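Single-structure report; data block below.
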Amino acid sequence: MQRRLCERLGIRHPLVQAPMAGATPPELVAAVSRAGALGSLAAGYLSGEQIYHACRDIRSATSHPFSVNLFVPSKITAEPEEIAAAHRALRPLAQHLELDPLPLPEQPAPGFDEQFSAILEANVPIVSFTFGILSQAEITALKARHTFIIGTATSKDEACHLEAAGVDAIVVQGGEAGGHRGSFSARQAASPQSLLTLLPEVSAQVSLPVIAAGGIMNGQGMAAAMAMGAAAVQLGTAFLFTPEAGINAAYRRALLAARGEDTRLTRVFSGKLARGINNTMMRQLAEAAIAPYPMQHLLTQPLRQAAARQDNEDYLSLWAGEGVAMGRVLPATELVALLMDELQSAISQPEQELVDV
Ligand SMILES: Cc1cc2nc3c(=O)[nH]c(=O)nc-3n(C[C@H](O)[C@H](O)[C@H](O)COP(=O)(O)O)c2cc1C
């Protein structure tokens, strides 16, 4: 399965650098792809024009395949009272950051149709998506261009829906994962399922190749995921520690200082559940009114931007997975090589050593 998936993706290593909105500039994507893994451009917050230019920049840096990731739009709209209540809850934080009055969002989130057209126009070889399922018309349009399509599931049911929709592979995202949960089914688990139980369950259920994500930080973790049925693995937090990651100094500091138990799931930044390093904003808004995604994301944007300007990690979304304490500061190319060396040693351990522990 591993070799087949790598062949179909046109990559050497069964390793995907996770798409991470706001953190995966063309330099990171190109460096990972050049190293033989799959670099992924997160395009969820980019305009069509930005996507088109980023693909051009990646292609000018490497001829290797890369993927582009989209957010399937939410059908939920925020009611005016919900927006007003969430805005009221943010005002004391805005005052603290000397951002008074806190502006209301002027522009909606980037239009999905425009993003999708840019992906078709740029002839992207691999497209992944999260937060839902692309429409049949969109899947047909991608297949007509021979694009490899990857969906994201956080439960067995979601994986089955993705398989039925005709995707080519599924990212199985465990509860350990940093960033937003890709969940989209009406039946949301009260507590997210960990990769250790979700992965074998999904692998037994679907016949598509499965890509494991969540808490994997080294080659030993990669080997474990592969032993449980993964054809490849997707690492996000591990790549945030590379100098190529597009994150600010305050975020980088928080990553370096974080311990394994420091991450939490929260809706305060965007309205959607996501895992990040616990900070002041998460604590202060724990009981506050929160608008549905993407409205909460737009409402908190000026706050997060002010915090970034002030080098203040207390009011930033510090997305990170449960493996954050295992991060290693290395250029992306070296990280890919190290992960593959570790994977190789982990899978070639003599059986005796594994049994004798
Ligand atoms: C900073 C950050 C941003 C993320 N943004 C996206 C995104 O735009 N699209 C997506 O499909 N997944 C996104 N994710 C989730 C990753 O694809 C992946 O599931 C996760 O990083 C795996 O867990 P790990 O961080 O423990 O390796 C993001 C994760 C992080 C840490």
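The way I read the labels, and the way they are meant: chains A, B, ... in the order of the structure tokens, residue 1 as the first residue of every chain, and ligand 1 as the first ligand shown, with later ones counted on from there.
Residues in contact range of Ser63 of chain A, defined as at most 9 Å between only C-alpha atoms, with sequence neighbours fewer than 6 positions away removed, read A:Ala30, A:Ser33, A:Arg34.
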Dump as a short mmCIF file (atom, residue, chain, number, x, y, z; two decimals), in the first residue's frame, selection limited to C-alpha atoms:
```cif
data_model
loop_
_atom_site.label_atom_id
_atom_site.label_comp_id
_atom_site.auth_asym_id
_atom_site.auth_seq_id
_atom_site.Cartn_x
_atom_site.Cartn_y
_atom_site.Cartn_z
CA ALA A 30 9.05 23.38 -2.01
CA SER A 33 8.82 18.26 -1.88
CA ARG A 34 12.41 18.63 -3.06
#
```
Notebook entry, point to check: Mind listing the residues within 6 Å of ligand 1, only C-alpha atoms and all ligand atoms counted, as an NGL selection string?
Noted result: :A and (18-21 or 42 or 44 or 69 or 129-130 or 173 or 176-180 or 213-216 or 235-237 or 319-323)
Margin query: When you look at Pro110 of chain A with a cut-off of 12 Å (counting only C-alpha atoms), what residues show up, excluding the ones that are within fewer than 2 positions of it in the same chain? I need them as a ChimeraX atom specification.
Written below: /A:43-51,70-73,107-108,112-116,294,298
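The gap separating atom CA of Leu38 of chain A from atom CA of Ser348 of chain A is 23.6 Å, in Å to one decimal.
Proximity of A:Val167, A:Thr300, A:Gln305, A:Tyr251 to Asn279 of chain A, computed with only C-alpha atoms, is greatest for A:Tyr251.
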Note to self: Excluding segment 334-339 of chain A and its own-chain neighbours fewer than 5 positions away, which residues fall within 8 Å of it when counting only C-alpha atoms? Please give them as a ChimeraX atom specification.
What the structure shows: /A:32,35,37,218-219,239,242
Can you spit out the residues from that selection as a JSON list (two decimals), in the first residue's frame, using N, CA, C and O atoms?
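Writing done, so here's selection.json:
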```json
[["chain", "number", "residue", "atom", "x", "y", "z"],
["A", 32, "VAL", "N", 10.19, 20.69, 1.28],
["A", 32, "VAL", "CA", 9.75, 19.34, 1.65],
["A", 32, "VAL", "C", 9.62, 18.48, 0.39],
["A", 32, "VAL", "O", 10.07, 17.33, 0.35],
["A", 35, "ALA", "N", 12.82, 17.39, -1.00],
["A", 35, "ALA", "CA", 13.47, 16.35, -0.17],
["A", 35, "ALA", "C", 12.83, 14.99, -0.38],
["A", 35, "ALA", "O", 13.24, 14.01, 0.25],
["A", 37, "ALA", "N", 9.50, 14.15, 0.10],
["A", 37, "ALA", "CA", 8.21, 13.96, 0.77],
["A", 37, "ALA", "C", 7.18, 14.83, 0.04],
["A", 37, "ALA", "O", 7.48, 15.39, -1.01],
["A", 218, "ASN", "N", 8.24, 11.79, 15.17],
["A", 218, "ASN", "CA", 9.53, 11.16, 14.82],
["A", 218, "ASN", "C", 9.29, 9.86, 14.05],
["A", 218, "ASN", "O", 8.14, 9.45, 13.84],
["A", 219, "GLY", "N", 10.41, 9.22, 13.63],
["A", 219, "GLY", "CA", 10.30, 8.02, 12.81],
["A", 219, "GLY", "C", 9.65, 6.86, 13.54],
["A", 219, "GLY", "O", 9.00, 6.01, 12.93],
["A", 239, "PHE", "N", 6.78, 20.16, 11.65],
["A", 239, "PHE", "CA", 7.30, 21.09, 10.64],
["A", 239, "PHE", "C", 7.21, 22.56, 11.07],
["A", 239, "PHE", "O", 7.81, 23.43, 10.46],
["A", 242, "THR", "N", 10.60, 24.11, 11.87],
["A", 242, "THR", "CA", 11.61, 24.38, 10.83],
["A", 242, "THR", "C", 11.69, 25.90, 10.60],
["A", 242, "THR", "O", 10.68, 26.60, 10.77]]
```
Item checked: DSSP-assigned helix (DSSP H, G or I) among segment 115-278 of chain A, expressed as a PyMOL selection string -> chain A and resi 115-121+136-144+156-165+195-205+219-227+237-240+249-257+260-262
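Closest approach to His13 of chain A among A:Val268, A:Met222, A:Met295, A:Ala307: A:Met222, based on only C-alpha atoms.
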Closest-contact table, segment 191-268 of chain A side, partner segment 1-11 of chain A, 9 Å, counting only C-alpha atoms, as JSON lines:
```
{"residue": "A:Pro209", "atom": "CA", "partner": "A:Met1", "partner_atom": "CA", "distance": 6.7}
{"residue": "A:Met226", "atom": "CA", "partner": "A:Gln2", "partner_atom": "CA", "distance": 8.5}
{"residue": "A:Gly229", "atom": "CA", "partner": "A:Met1", "partner_atom": "CA", "distance": 8.9}
{"residue": "A:Ala230", "atom": "CA", "partner": "A:Gln2", "partner_atom": "CA", "distance": 7.8}
{"residue": "A:Ala231", "atom": "CA", "partner": "A:Gln2", "partner_atom": "CA", "distance": 4.3}
{"residue": "A:Ala232", "atom": "CA", "partner": "A:Gln2", "partner_atom": "CA", "distance": 6.3}
```
Can you spit out the residues from that selection as an mmCIF file, in the first residue's frame, using N, CA, C and O atoms?
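Result written to again_14.cif:
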```cif
data_model
loop_
_atom_site.group_PDB
_atom_site.id
_atom_site.type_symbol
_atom_site.label_atom_id
_atom_site.label_comp_id
_atom_site.auth_asym_id
_atom_site.auth_seq_id
_atom_site.Cartn_x
_atom_site.Cartn_y
_atom_site.Cartn_z
ATOM 1 N N PRO A 209 -6.161 4.053 0.478
ATOM 2 C CA PRO A 209 -4.989 4.305 1.327
ATOM 3 C C PRO A 209 -5.308 5.365 2.384
ATOM 4 O O PRO A 209 -6.008 6.337 2.106
ATOM 5 N N MET A 226 2.288 3.169 10.659
ATOM 6 C CA MET A 226 2.306 2.264 9.502
ATOM 7 C C MET A 226 1.973 0.840 9.918
ATOM 8 O O MET A 226 1.313 0.111 9.182
ATOM 9 N N GLY A 229 -1.675 0.270 9.859
ATOM 10 C CA GLY A 229 -2.415 0.315 8.597
ATOM 11 C C GLY A 229 -2.244 1.566 7.764
ATOM 12 O O GLY A 229 -2.832 1.678 6.682
ATOM 13 N N ALA A 230 -1.463 2.550 8.239
ATOM 14 C CA ALA A 230 -1.311 3.777 7.445
ATOM 15 C C ALA A 230 -0.391 3.538 6.246
ATOM 16 O O ALA A 230 0.634 2.871 6.373
ATOM 17 N N ALA A 231 -0.774 4.078 5.100
ATOM 18 C CA ALA A 231 0.077 3.986 3.913
ATOM 19 C C ALA A 231 1.114 5.109 3.917
ATOM 20 O O ALA A 231 2.143 5.027 3.252
ATOM 21 N N ALA A 232 0.810 6.173 4.669
ATOM 22 C CA ALA A 232 1.739 7.302 4.810
ATOM 23 C C ALA A 232 1.345 8.049 6.076
ATOM 24 O O ALA A 232 0.307 7.749 6.674
#
```
Got a sec: who's within 9 Å of Tyr315 of chain A, counting only C-alpha atoms, leaving out chain neighbours fewer than 5 positions off, as a tab-separated table (two decimals) with N, CA, C and O atoms, in the first residue's frame?
```
chain	number	residue	atom	x	y	z
A	93	LEU	N	-10.65	42.25	25.96
A	93	LEU	CA	-9.34	41.80	25.45
A	93	LEU	C	-8.79	42.84	24.48
A	93	LEU	O	-7.60	43.15	24.48
A	97	LEU	N	-5.35	45.20	24.59
A	97	LEU	CA	-4.36	45.29	23.49
A	97	LEU	C	-4.37	46.68	22.84
A	97	LEU	O	-3.80	46.87	21.77
A	279	ASN	N	-3.35	29.39	26.47
A	279	ASN	CA	-2.83	30.73	26.78
A	279	ASN	C	-3.93	31.60	27.38
A	279	ASN	O	-5.07	31.15	27.59
A	280	THR	N	-3.59	32.85	27.64
A	280	THR	CA	-4.52	33.77	28.32
A	280	THR	C	-5.85	33.88	27.58
A	280	THR	O	-6.91	33.83	28.20
A	281	MET	N	-5.81	34.04	26.26
A	281	MET	CA	-7.06	34.23	25.51
A	281	MET	C	-7.97	33.01	25.65
A	281	MET	O	-9.18	33.14	25.81
A	282	MET	N	-7.38	31.81	25.62
A	282	MET	CA	-8.18	30.59	25.77
A	282	MET	C	-8.82	30.55	27.16
A	282	MET	O	-9.98	30.19	27.32
A	303	LEU	N	-7.66	41.16	16.82
A	303	LEU	CA	-6.98	40.92	18.10
A	303	LEU	C	-5.69	40.15	17.89
A	303	LEU	O	-4.64	40.49	18.44
A	304	ARG	N	-5.81	39.09	17.11
A	304	ARG	CA	-4.63	38.24	16.87
A	304	ARG	C	-3.55	39.02	16.11
A	304	ARG	O	-2.35	38.87	16.36
A	306	ALA	N	-3.11	42.30	16.26
A	306	ALA	CA	-2.52	43.26	17.21
A	306	ALA	C	-1.52	42.54	18.11
A	306	ALA	O	-0.41	43.04	18.38
A	307	ALA	N	-1.90	41.34	18.58
A	307	ALA	CA	-1.00	40.57	19.45
A	307	ALA	C	0.30	40.24	18.72
A	307	ALA	O	1.39	40.31	19.29
A	308	ALA	N	0.19	39.90	17.43
A	308	ALA	CA	1.39	39.57	16.65
A	308	ALA	C	2.29	40.81	16.53
A	308	ALA	O	3.51	40.72	16.71
```
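Considering only C-alpha atoms, the residue among A:Ile347, A:Ile83, A:Leu299, A:Ala23 positioned nearest to Glu106 of chain A is A:Leu299.
Minimum distance to Arg253 of chain A across A:Gln234, A:Gln296, A:Thr140, A:Asn312 (counting only C-alpha atoms) occurs at A:Asn312.
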Margin query: Would you pick out the contacts of Arg259 of chain A at 10 Å or less, using only C-alpha atoms, so that residues sharing its chain but fewer than 3 positions from it are not included, and give the list as a ChimeraX atom specification?
Written below: /A:254-256,262-263,277,322-326
